[in-house]
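K.L.:
Below you'll find the structure I mean.
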Amino acid sequence: MDAPAFEPKLKETRWDPSLELEILKKWEEEDLYRFDGKSRKRLFLIDTPPPYPSGRPWHIGAAAHYTQIDMIARTARMMGHEVYFPIGIDRNGIPVERYVEREKKIRLTALPRSDFIRICSETLDELESEMLWVMRRAGLSGDFKNHYRTDSPEYRALTQTTFIDLFKRELIYRSSRPNNFCYDCGTTVADAEIDYAELPTDLVYMVFDLVGEGSIVVASTRPELLGACKAIIYNPADDRYQGLEKRRALVPVYGREVPIIAHPAARPDFGSGIVMICSYGDKSDVQLFRELGLEEVILIGTDGRMLEAAGPLRGLTVEEARQRIIDMLKDEGRVVKIERIIHQIPICERSNTPIEIIPMDEYYLTQLSLKEELLEASSKMTFYPEFHRQLLIDWINSLKIDWPISRRRYYATEIPIWYCKSCGQPNLPQPGKYYRPWMESPPFEKCYNCGGTEFQGEERTLDTWVDSSISPLFISGYLRDEKFFRRAYPVSVRPQGKDIVRTWLYYTLLRCYQLAGKPPFRAVWISGMGLDEKGEKMSKSRGNVIDPRPILEKYGADVFRFWCAQEASLGYDFRISEQRIASAGKFITKLWNIARYVSQFPQPSRARLTPADRWVLSELSILIEESMRGYREFNFFVPATRVRNFVWNIFANHYIEMTKIRALRRGSQKGNAEAAWYTLHLILKNCLKLLAPITPFITDYIWRTLYSEKSIHLERLPIPRWDKSFSKYTEALVEFNSSVWKQKKEKNLSLREPIEVTIPEQLSLFKEDLMVMHNIVGTS
RNA sequence: GGGGCCGUGGUCUAGCGGUAUGACGCCGCCCUCACACGGCGGAGGUCGUGGGUUCGAAUCCCACCGGCCCCA
């Protein structure tokens with residue numbers, strides 16, 4: 001006697017990703033993720049990384065990164081916090097200028113400053129809208145309505161305010177010292193902005209005459225710096241050169257007499273073991289000049305050409321000068337040999353061209369004297385995962401100079417200073433407003449120092465990290481909403497990639513500590529990098545970048561998000577391949593079909609549970625516990641893999657199969673249908689909640705179709721409230737079912753055909769369900 | 001030169017003191033009333049190498065090798 005067939009409430013046999021667009025619209029109409037700053041709930045502020053629109057397509061690894069940050073927001077929300085998930089875009093600095101120069105073939109200096117700025121701004125708008133599209137389409141529950149930009153007058157005013165504050169407190173100072181200079185960008189760059197490249201370089205072995213008699217061979221990759229050579233060193237342990245100290249050498253071409261010094265910085269195995277010290281071939285030259293008290297010679301100008309002091313090389317570029325001097329040395333018979341070596345060369349990370357070290361007059365932000373305090377402050381922050389804490393500690397410990405913060409560029413926050421034309425003193429405006437000294441007249445009449453009335457506006461700008469390093473202050477209302485700031489700062493979590501620990505994380509800690517006297521975050525969440533299929537970094541030059549947009553359109557956001565969660569364990573690098581994204585889609589289909597199956601049954605409010613029901617609820621409790629352990633440390637890999645395993649390998653394969661006959665009220669089994677219906681819905685509801693932060697679309701769709709008019713995203717994450725003791729049967733159940741399937745297979749029986757098997761004593765509790773499930777006949 | 005992470009069947013991965021988990025791929029059978037983006041079954045690994053600790057190690061310790069990333 002068959003009961004009437006039930007009608008599933010979910011009709012289609014698979015999840016349609018285009019439904020996501022309707023759901024998105026609904027979320028926006030409902031303003032579902034609105035942040036209420038006055039809420040009594042505990043505030044949870046996320047210092048979302050404002051991404052930098054520096055090119056296209058936007059990196060799929062970045063899209064993955066932001067969806068994971070969204071999972072943090074959703075998790076916190078479902079844990080009962082009032083979540084502020086701001087969306088910001090970082091729009092200051094060299095990257096966009098270089099993008100414009102490259103893509104539009106315009107030199108920064110070839111246009112009036114205001115025109116160049118306008119083009120940068122328009123370009124940023126285009127790039128930004130692409131990023132915002134990806135974020136929105138990926139289902140980010142952020143505050144898109146009020147998205148902020150680091151180049152807005154409001155943001156720049158705050159940056160300038162902090163500059164004025166720190167300048168007055170003498171934490172910002174002006175100094176002329178050897179600095180990394182990129183000719184291509186035309187500006188000083190910080191250590192944090194330098195990369196190293198292995199490039200083939202000529203190591204030139206040159207004969208230097210000694211004063212008196214004899215000669216030595218000096219090996220150098222920078223012969224064009226001969227004119228700045230102020231000393232010669234060799235290693236004191238190098239037997240070949242004992243007796244050289246106290247001698248002096250004559251620099252070829254320039255004829256200058258320089259001392260020869262035994263110093264451990266010389267590596268006996270490099271070149272001839274004798275090295276010339278010039279201002280400035282590299283960092284160690286800077287250090288030795290300071291240590292030995294040598295007087296620097298400036299050979300290279302800011303245009304990358306040789307200066308007066310270079311004598312016969314004057315006016316040449318560095319490259320030309322190198323060739324010229326080699327020729328000159330050859331003419332004098334001073335070149336012993338030239339060796340082609342692979343050499344590490346510091347390059348600018350923006351332009352990828354070699355940087356030079358030249359003394360420049362720049363503004364610096366004090367950091368060296370704060371190292372201990374910063375280490376102390378960082379120890380108060382929780383790191384997820386803990387092992388990435390070391391990246392920050394190592395960087396703080398390796399700091400060698402204060403942070404040069406001024407840049408000779410256009411598209412950035414202006415340094416808010418006017419210089420008095422009569423006494424030269426810097427005059428700073430009142431904090432709180434946005435100033436552009438290069439085009440505006442000063443907001444004051446007289447020089448504070450001499451009373452002069454003529455001013456020259458500062459033309460330099462600030463390093464872009466000066467802006468982005470105050471994002472936690474910006475989002476928490478610093479100086480703009482003191483009441484909110486007191487509740488909101490330090491912010492709850494800083495999520496970011498491990499590649500910008502030395503820049504964004506470090507600079508934020510430094511700046512916020514200086515300004516607010518406290519570390520900026522309670523927790524730091526550091527993710528690994530998205531690499532290509534072979535485990536190598538994605539980059540345009542390698543040609544292995546993947547555009548996230550077609551992936552999102554083809555598979556949908558939930559598939560992409562589920563893939564993100566199950567692919568990347570917290571803090572570890574992960575590989576990106578379309579094939580693996582596609583396979584994540586299978587789980588989404590599976591989930592959909594399970595929900596579709598369950599959707600046909602009524603939802604009893606209570607039921608008398610059978611052993612099978614109690615068993616699957618035991619497993620559910622364990623699943624919730626394990627998943628919550630992952631959620632509490634924002635490691636979505638844990639819930640994603642655990643839920644997937646439960647849903648597929650426990651719930652679908654075993655529980656649903658065990659209860660199918662009674663749930664469908666087929667055959668003689670109908671007494672316990674209600675218990676099956678009740679349990680099926682209970683499991684589904686809880687799995688949907690567990691998955692909601694990871695796959696917000698499909699879970700909300702199913703939730704609203706089956707369970708509530710309100711969104712699942714207003715629910716709390718589940719609590720493991722069921723007795724776990726029945727999980728002791730799991731292994732035996734799985735094994736028994738498997739063995740029956742195998743026997744049927746071997747006997748060539750269809751799964752519905754009867755079979756004679758013995759149910760193990762251990763599983764006698766489940767006898768009723770197992771008998772009908774496998775159509776077991778006979779007894780034992 | 002320094003640091004971090006990683007080395008588990010063809011590929012990727014779980015496990016982190018009791019001789020191995022799952023996925024993808026592969027082979028075979030099955031359109032079984034939620035799902036063929038499915039189900040069932042199968043082949044395939046001495047867990048990078050060497051040593052040590054232990055009754056017992058992929059799991060702890062040491063050394064080495066290899067890969068990736070970061071820094072100097």
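Residues are named by chain letter and number: chains run A, B, ... in the order of the structure tokens, numbers start at 1 in each chain, and ligands are numbered from 1 in the order shown.
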Got a sec to tell me which of segment 82-264 of chain A DSSP assigns to strand (DSSP E or B), as a CSV table (one decimal) with N, CA, C and O atoms, in the first residue's frame?
P.N.:
chain,number,residue,atom,x,y,z
A,82,GLU,N,27.8,42.5,16.3
A,82,GLU,CA,27.4,43.6,15.4
A,82,GLU,C,28.6,43.9,14.5
A,82,GLU,O,29.6,44.4,15.0
A,83,VAL,N,28.5,43.5,13.2
A,83,VAL,CA,29.7,43.5,12.4
A,83,VAL,C,29.8,44.7,11.5
A,83,VAL,O,28.8,45.0,10.7
A,84,TYR,N,30.9,45.4,11.5
A,84,TYR,CA,31.2,46.4,10.5
A,84,TYR,C,32.2,45.9,9.6
A,84,TYR,O,33.4,45.6,10.0
A,86,PRO,N,33.7,47.1,6.4
A,86,PRO,CA,33.8,48.2,5.5
A,86,PRO,C,34.5,47.8,4.1
A,86,PRO,O,35.2,46.8,4.1
A,87,ILE,N,34.1,48.5,3.1
A,87,ILE,CA,34.7,48.2,1.8
A,87,ILE,C,35.5,49.5,1.5
A,87,ILE,O,34.9,50.6,1.4
A,88,GLY,N,36.8,49.4,1.3
A,88,GLY,CA,37.6,50.5,1.0
A,88,GLY,C,38.4,50.2,-0.3
A,88,GLY,O,38.7,49.1,-0.6
A,89,ILE,N,38.9,51.2,-0.9
A,89,ILE,CA,39.7,51.1,-2.1
A,89,ILE,C,41.0,52.0,-1.8
A,89,ILE,O,40.8,53.2,-1.6
A,143,ASP,N,30.0,46.8,3.4
A,143,ASP,CA,29.2,48.1,3.3
A,143,ASP,C,29.6,48.8,2.0
A,143,ASP,O,30.4,49.7,1.9
A,144,PHE,N,28.9,48.3,0.9
A,144,PHE,CA,29.2,48.9,-0.4
A,144,PHE,C,28.6,50.3,-0.6
A,144,PHE,O,29.2,51.1,-1.3
A,145,LYS,N,27.6,50.6,0.2
A,145,LYS,CA,26.9,51.9,0.0
A,145,LYS,C,27.9,53.0,0.4
A,145,LYS,O,27.8,54.1,-0.1
A,146,ASN,N,28.7,52.8,1.5
A,146,ASN,CA,29.5,53.8,1.9
A,146,ASN,C,31.0,53.5,1.7
A,146,ASN,O,31.8,53.7,2.5
A,147,HIS,N,31.3,52.9,0.6
A,147,HIS,CA,32.7,52.4,0.4
A,147,HIS,C,33.6,53.6,0.4
A,147,HIS,O,33.3,54.7,-0.1
A,148,TYR,N,34.8,53.5,1.0
A,148,TYR,CA,35.7,54.6,1.2
A,148,TYR,C,36.8,54.5,0.2
A,148,TYR,O,37.2,53.4,-0.3
A,149,ARG,N,37.5,55.6,0.0
A,149,ARG,CA,38.6,55.7,-0.9
A,149,ARG,C,39.7,56.4,-0.1
A,149,ARG,O,39.5,57.5,0.5
A,172,ILE,N,58.2,63.1,13.2
A,172,ILE,CA,58.6,63.3,11.8
A,172,ILE,C,59.7,64.3,11.7
A,172,ILE,O,59.5,65.4,12.3
A,173,TYR,N,60.7,64.0,11.0
A,173,TYR,CA,61.8,65.0,10.9
A,173,TYR,C,62.4,64.9,9.5
A,173,TYR,O,62.1,64.0,8.7
A,174,ARG,N,63.2,66.0,9.2
A,174,ARG,CA,63.7,66.1,7.9
A,174,ARG,C,65.2,65.8,7.9
A,174,ARG,O,65.9,66.2,8.9
A,175,SER,N,65.7,65.1,6.9
A,175,SER,CA,67.1,64.7,7.0
A,175,SER,C,67.7,64.4,5.6
A,175,SER,O,66.9,63.9,4.8
A,176,SER,N,68.9,64.6,5.4
A,176,SER,CA,69.6,64.2,4.2
A,176,SER,C,70.5,63.0,4.4
A,176,SER,O,71.4,63.1,5.2
A,177,ARG,N,70.2,61.9,3.8
A,177,ARG,CA,71.0,60.8,4.0
A,177,ARG,C,70.9,59.8,2.9
A,177,ARG,O,70.0,60.0,2.1
A,178,PRO,N,71.8,58.9,2.7
A,178,PRO,CA,71.8,58.0,1.6
A,178,PRO,C,70.5,57.2,1.6
A,178,PRO,O,70.0,56.7,2.7
A,179,ASN,N,69.9,57.2,0.5
A,179,ASN,CA,68.5,56.6,0.4
A,179,ASN,C,68.4,55.8,-0.9
A,179,ASN,O,69.1,56.0,-1.9
A,180,ASN,N,67.4,54.9,-0.9
A,180,ASN,CA,67.1,54.2,-2.1
A,180,ASN,C,66.4,55.1,-3.0
A,180,ASN,O,65.4,55.8,-2.7
A,181,PHE,N,66.9,55.2,-4.2
A,181,PHE,CA,66.3,56.1,-5.2
A,181,PHE,C,66.0,55.4,-6.5
A,181,PHE,O,66.9,54.7,-7.0
A,182,CYS,N,64.8,55.5,-7.0
A,182,CYS,CA,64.4,54.8,-8.2
A,182,CYS,C,64.4,55.9,-9.3
A,182,CYS,O,63.5,56.8,-9.2
A,187,THR,N,61.8,58.9,-7.6
A,187,THR,CA,61.5,59.1,-6.2
A,187,THR,C,62.3,58.2,-5.2
A,187,THR,O,62.8,57.2,-5.7
A,188,THR,N,62.4,58.7,-4.0
A,188,THR,CA,63.0,57.9,-2.9
A,188,THR,C,62.0,56.7,-2.7
A,188,THR,O,60.8,56.9,-2.8
A,189,VAL,N,62.5,55.6,-2.4
A,189,VAL,CA,61.6,54.5,-2.0
A,189,VAL,C,62.1,53.9,-0.7
A,189,VAL,O,63.3,53.9,-0.4
A,194,ILE,N,61.5,47.5,-1.9
A,194,ILE,CA,62.6,47.0,-2.7
A,194,ILE,C,62.5,45.5,-2.8
A,194,ILE,O,62.3,44.8,-1.9
A,195,ASP,N,62.8,45.0,-4.1
A,195,ASP,CA,62.9,43.6,-4.3
A,195,ASP,C,64.3,43.4,-4.8
A,195,ASP,O,65.1,44.3,-5.0
A,196,TYR,N,64.6,42.1,-4.9
A,196,TYR,CA,65.9,41.8,-5.4
A,196,TYR,C,65.8,40.9,-6.7
A,196,TYR,O,64.9,40.0,-6.7
A,197,ALA,N,66.6,41.1,-7.7
A,197,ALA,CA,66.6,40.3,-8.9
A,197,ALA,C,68.0,39.7,-9.1
A,197,ALA,O,69.0,40.4,-8.8
A,198,GLU,N,68.0,38.5,-9.6
A,198,GLU,CA,69.3,38.0,-10.0
A,198,GLU,C,69.6,38.3,-11.4
A,198,GLU,O,68.8,37.8,-12.3
A,199,LEU,N,70.6,39.1,-11.7
A,199,LEU,CA,70.8,39.5,-13.0
A,199,LEU,C,72.3,39.3,-13.4
A,199,LEU,O,73.2,39.3,-12.5
A,200,PRO,N,72.6,38.9,-14.6
A,200,PRO,CA,74.0,38.8,-15.0
A,200,PRO,C,74.7,40.1,-15.0
A,200,PRO,O,74.1,41.1,-15.4
A,201,THR,N,75.8,40.1,-14.4
A,201,THR,CA,76.6,41.4,-14.2
A,201,THR,C,78.0,41.1,-14.5
A,201,THR,O,78.5,40.0,-14.2
A,202,ASP,N,78.7,42.1,-15.0
A,202,ASP,CA,80.2,42.0,-15.2
A,202,ASP,C,80.9,42.3,-13.9
A,202,ASP,O,80.7,43.4,-13.3
A,203,LEU,N,81.7,41.4,-13.5
A,203,LEU,CA,82.6,41.6,-12.4
A,203,LEU,C,84.0,42.0,-13.0
A,203,LEU,O,84.6,41.2,-13.6
A,204,VAL,N,84.4,43.2,-12.7
A,204,VAL,CA,85.6,43.7,-13.4
A,204,VAL,C,86.8,43.7,-12.4
A,204,VAL,O,86.7,44.2,-11.3
A,205,TYR,N,87.8,43.0,-12.9
A,205,TYR,CA,89.1,42.9,-12.1
A,205,TYR,C,90.0,44.1,-12.5
A,205,TYR,O,90.5,44.0,-13.7
A,206,MET,N,90.3,45.0,-11.6
A,206,MET,CA,91.1,46.2,-12.0
A,206,MET,C,92.4,46.3,-11.2
A,206,MET,O,92.4,45.9,-10.0
A,207,VAL,N,93.4,46.7,-11.8
A,207,VAL,CA,94.7,46.9,-11.2
A,207,VAL,C,94.8,48.3,-10.5
A,207,VAL,O,94.6,49.3,-11.2
A,208,PHE,N,95.0,48.3,-9.2
A,208,PHE,CA,95.2,49.6,-8.5
A,208,PHE,C,96.7,49.6,-8.2
A,208,PHE,O,97.2,48.6,-7.6
A,209,ASP,N,97.4,50.7,-8.5
A,209,ASP,CA,98.8,50.8,-8.0
A,209,ASP,C,98.8,51.1,-6.5
A,209,ASP,O,97.9,51.8,-6.0
A,210,LEU,N,99.8,50.6,-5.9
A,210,LEU,CA,100.0,51.0,-4.5
A,210,LEU,C,100.9,52.2,-4.4
A,210,LEU,O,101.8,52.4,-5.3
A,215,SER,N,101.3,46.5,-6.7
A,215,SER,CA,99.9,46.8,-7.1
A,215,SER,C,99.0,45.7,-6.6
A,215,SER,O,99.4,44.6,-6.2
A,216,ILE,N,97.7,46.0,-6.6
A,216,ILE,CA,96.7,45.0,-6.2
A,216,ILE,C,95.6,44.9,-7.2
A,216,ILE,O,95.5,45.8,-8.0
A,217,VAL,N,94.9,43.8,-7.1
A,217,VAL,CA,93.7,43.7,-8.1
A,217,VAL,C,92.4,43.8,-7.3
A,217,VAL,O,92.2,43.1,-6.3
A,218,VAL,N,91.6,44.7,-7.7
A,218,VAL,CA,90.3,45.0,-7.0
A,218,VAL,C,89.2,44.5,-7.9
A,218,VAL,O,89.2,44.9,-9.1
A,219,ALA,N,88.3,43.8,-7.4
A,219,ALA,CA,87.1,43.3,-8.2
A,219,ALA,C,85.9,44.1,-7.8
A,219,ALA,O,85.6,44.2,-6.7
A,220,SER,N,85.2,44.5,-8.8
A,220,SER,CA,83.9,45.3,-8.6
A,220,SER,C,82.9,45.2,-9.7
A,220,SER,O,83.3,45.1,-10.9
A,229,CYS,N,85.4,56.2,-4.8
A,229,CYS,CA,86.0,55.2,-3.9
A,229,CYS,C,86.8,55.9,-2.9
A,229,CYS,O,87.6,56.8,-3.1
A,230,LYS,N,86.6,55.6,-1.6
A,230,LYS,CA,87.3,56.2,-0.5
A,230,LYS,C,88.1,55.3,0.4
A,230,LYS,O,88.8,55.7,1.3
A,231,ALA,N,88.0,54.0,0.1
A,231,ALA,CA,88.8,53.0,0.8
A,231,ALA,C,88.8,51.7,0.1
A,231,ALA,O,88.0,51.4,-0.8
A,232,ILE,N,89.8,50.9,0.5
A,232,ILE,CA,89.9,49.5,0.0
A,232,ILE,C,89.9,48.6,1.2
A,232,ILE,O,90.6,48.9,2.1
A,233,ILE,N,89.2,47.5,1.1
A,233,ILE,CA,89.2,46.5,2.2
A,233,ILE,C,89.5,45.1,1.7
A,233,ILE,O,89.3,44.8,0.6
A,234,TYR,N,90.1,44.4,2.7
A,234,TYR,CA,90.3,42.9,2.5
A,234,TYR,C,90.0,42.2,3.8
A,234,TYR,O,90.0,42.9,4.8
A,248,ARG,N,98.8,52.3,1.1
A,248,ARG,CA,97.7,53.1,0.5
A,248,ARG,C,97.7,52.8,-1.0
A,248,ARG,O,98.7,52.4,-1.6
A,249,ALA,N,96.5,53.0,-1.6
A,249,ALA,CA,96.4,52.6,-3.0
A,249,ALA,C,96.0,53.9,-3.8
A,249,ALA,O,95.5,54.9,-3.2
A,250,LEU,N,96.3,53.9,-5.1
A,250,LEU,CA,95.9,55.0,-5.9
A,250,LEU,C,94.7,54.5,-6.8
A,250,LEU,O,94.8,53.5,-7.5
A,257,GLU,N,94.4,59.0,-3.5
A,257,GLU,CA,95.0,58.1,-2.6
A,257,GLU,C,94.0,57.7,-1.6
A,257,GLU,O,93.4,58.5,-0.9
A,258,VAL,N,93.9,56.3,-1.4
A,258,VAL,CA,92.9,55.8,-0.4
A,258,VAL,C,93.5,54.8,0.5
A,258,VAL,O,94.5,54.1,0.1
A,259,PRO,N,93.0,54.7,1.7
A,259,PRO,CA,93.6,53.7,2.7
A,259,PRO,C,93.2,52.3,2.4
A,259,PRO,O,92.1,52.1,1.8
A,260,ILE,N,94.0,51.4,2.8
A,260,ILE,CA,93.7,49.9,2.7
A,260,ILE,C,93.5,49.4,4.1
A,260,ILE,O,94.3,49.6,4.9
A,261,ILE,N,92.3,48.8,4.3
A,261,ILE,CA,91.9,48.5,5.6
A,261,ILE,C,91.5,47.0,5.7
A,261,ILE,O,90.8,46.5,4.8
A,262,ALA,N,91.9,46.3,6.8
A,262,ALA,CA,91.5,44.9,7.0
A,262,ALA,C,90.1,45.0,7.6
A,262,ALA,O,89.9,45.6,8.7
K.L.:
Which chain A residues are at most 6 Å from chain B (counting only C-alpha atoms (C1' of nucleotides)), as a list in words?
P.N.:
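Putting it all together, I get Lys586, Asn593, Ile594, Arg596 and Tyr597 of chain A.
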K.L.:
May I ask for the distance between atom CA of Lys26 of chain A and atom CA of Ile546 of chain A, given in Å to one decimal place?
P.N.:
29.7 Å
K.L.:
For His388 of chain A, please output as a ChimeraX atom specification all residues within 8 Å (counting only C-alpha atoms (C1' of nucleotides); exclusion window: fewer than 3 positions along the same chain).
P.N.:
/A:383-385,391-392,498,526,571
K.L.:
Write a file of the selected residues as a CSV table (one decimal), in the first residue's frame, keeping C-alpha atoms.
P.N.:
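Wrote it out as part.csv, contents follow:
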chain,number,residue,atom,x,y,z
A,383,PHE,CA,47.6,35.8,15.3
A,384,TYR,CA,45.7,33.4,13.2
A,385,PRO,CA,47.6,31.3,12.5
A,391,LEU,CA,57.0,37.4,10.0
A,392,LEU,CA,56.2,40.6,11.8
A,498,LYS,CA,51.3,37.3,4.4
A,526,ILE,CA,47.0,36.2,7.8
A,571,GLY,CA,47.8,30.7,6.6
K.L.:
Give me every helix (DSSP H, G or I) residue in segment 564-662 of chain A, going by DSSP on the backbone, as a VMD selection string.
P.N.:
chain A and resid 564 to 567 578 to 598 611 to 632 637 to 662
K.L.:
As a ChimeraX atom specification, please: the residues near G50 of chain B (cut-off 12 Å, only C-alpha atoms (C1' of nucleotides), same-chain neighbours under 5 positions excluded).
P.N.:
/B:62-65
K.L.:
What would the file look like if the residues just selected were written as a PDB file, in the first residue's frame with N, CA and C atoms (P, O5', C5', C4', C3', O3' and C1' of nucleotides)?
P.N.:
ATOM      1  P     C B  62      65.546  19.235  16.264  1.00  0.00           P
ATOM      2  O5'   C B  62      66.826  18.444  15.723  1.00  0.00           O
ATOM      3  C5'   C B  62      68.003  18.362  16.514  1.00  0.00           C
ATOM      4  C4'   C B  62      69.019  17.493  15.818  1.00  0.00           C
ATOM      5  C3'   C B  62      69.299  17.848  14.366  1.00  0.00           C
ATOM      6  O3'   C B  62      70.181  18.944  14.247  1.00  0.00           O
ATOM      7  C1'   C B  62      69.023  15.513  14.558  1.00  0.00           C
ATOM      8  P     A B  63      70.066  19.892  12.956  1.00  0.00           P
ATOM      9  O5'   A B  63      70.747  18.981  11.839  1.00  0.00           O
ATOM     10  C5'   A B  63      72.133  18.643  11.943  1.00  0.00           C
ATOM     11  C4'   A B  63      72.486  17.642  10.890  1.00  0.00           C
ATOM     12  C3'   A B  63      72.137  18.049   9.466  1.00  0.00           C
ATOM     13  O3'   A B  63      73.096  18.917   8.902  1.00  0.00           O
ATOM     14  C1'   A B  63      71.414  15.833   9.840  1.00  0.00           C
ATOM     15  P     C B  64      72.616  19.991   7.808  1.00  0.00           P
ATOM     16  O5'   C B  64      72.364  19.089   6.527  1.00  0.00           O
ATOM     17  C5'   C B  64      73.448  18.369   5.936  1.00  0.00           C
ATOM     18  C4'   C B  64      72.921  17.348   4.971  1.00  0.00           C
ATOM     19  C3'   C B  64      72.099  17.896   3.814  1.00  0.00           C
ATOM     20  O3'   C B  64      72.916  18.416   2.778  1.00  0.00           O
ATOM     21  C1'   C B  64      70.980  16.033   4.735  1.00  0.00           C
ATOM     22  P     C B  65      72.326  19.627   1.894  1.00  0.00           P
ATOM     23  O5'   C B  65      71.296  18.882   0.939  1.00  0.00           O
ATOM     24  C5'   C B  65      71.760  17.858   0.056  1.00  0.00           C
ATOM     25  C4'   C B  65      70.578  17.225  -0.634  1.00  0.00           C
ATOM     26  C3'   C B  65      69.619  18.202  -1.299  1.00  0.00           C
ATOM     27  O3'   C B  65      70.084  18.645  -2.553  1.00  0.00           O
ATOM     28  C1'   C B  65      68.384  16.622  -0.060  1.00  0.00           C
TER      29        C B  65
END
K.L.:
As an exercise, work out the distance from atom CA of Thr302 of chain A to atom CA of Asp361 of chain A in Å and give it to one decimal place.
P.N.:
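Going from atom CA of Thr302 of chain A over to atom CA of Asp361 of chain A covers 11.5 Å.
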K.L.:
Using only C-alpha atoms (C1' of nucleotides), which of the listed residues (B:G7, B:G52, B:G2, B:G45) sits closest to A20 of chain B?
P.N.:
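Closest candidate: B:G45.
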K.L.:
Looking at B:C60, B:G18, B:U8, B:G25, which one is nearest to G48 of chain B, with distances taken over only C-alpha atoms (C1' of nucleotides)?
P.N.:
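Of all the options, B:U8 lies closest to G48 of chain B.
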K.L.:
Just the number, please: distance in Å from atom CA of Val253 of chain A to atom CA of Asp303 of chain A, one decimal.
P.N.:
24.0 Å
K.L.:
Need to verify the contact set: Ala73 of chain A, 9 Å, only C-alpha atoms (C1' of nucleotides), exclusion of same-chain residues closer than 6 positions in sequence. Can you return it as a list in words?
P.N.:
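Non-adjacent residues within range: Phe44, Leu45, Ile46, Val83, Tyr84, Phe85, Leu140, Ser141, Gly142 and Pro693 of chain A.
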K.L.:
Which residue out of A:Tyr254, A:Trp741, A:Phe116, A:Phe636 has the minimum interatomic distance to Asp70 of chain A when only C-alpha atoms are used?
P.N.:
A:Phe636
K.L.:
Excluding Pro495 of chain A and residues on its chain fewer than 4 positions from it, collect all residues at most 9 Å away from it, counting only C-alpha atoms (C1' of nucleotides), and give them as a list in words.
P.N.:
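Listing them by chain and then by number gives Ile46, Asp47, Thr48, Pro49, Ile69, Ile72, Ala523, Val524, Trp525, Ile526 and Ser527 of chain A.
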K.L.:
Go through A:Leu682, A:Leu690, A:Leu158, A:Leu32 one by one, measure the shortest atom-to-atom distance of each to Met79 of chain A using only C-alpha atoms, and give the residue with the smallest value.
P.N.:
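Ranking A:Leu682, A:Leu690, A:Leu158, A:Leu32 by distance to Met79 of chain A, first place goes to A:Leu690.
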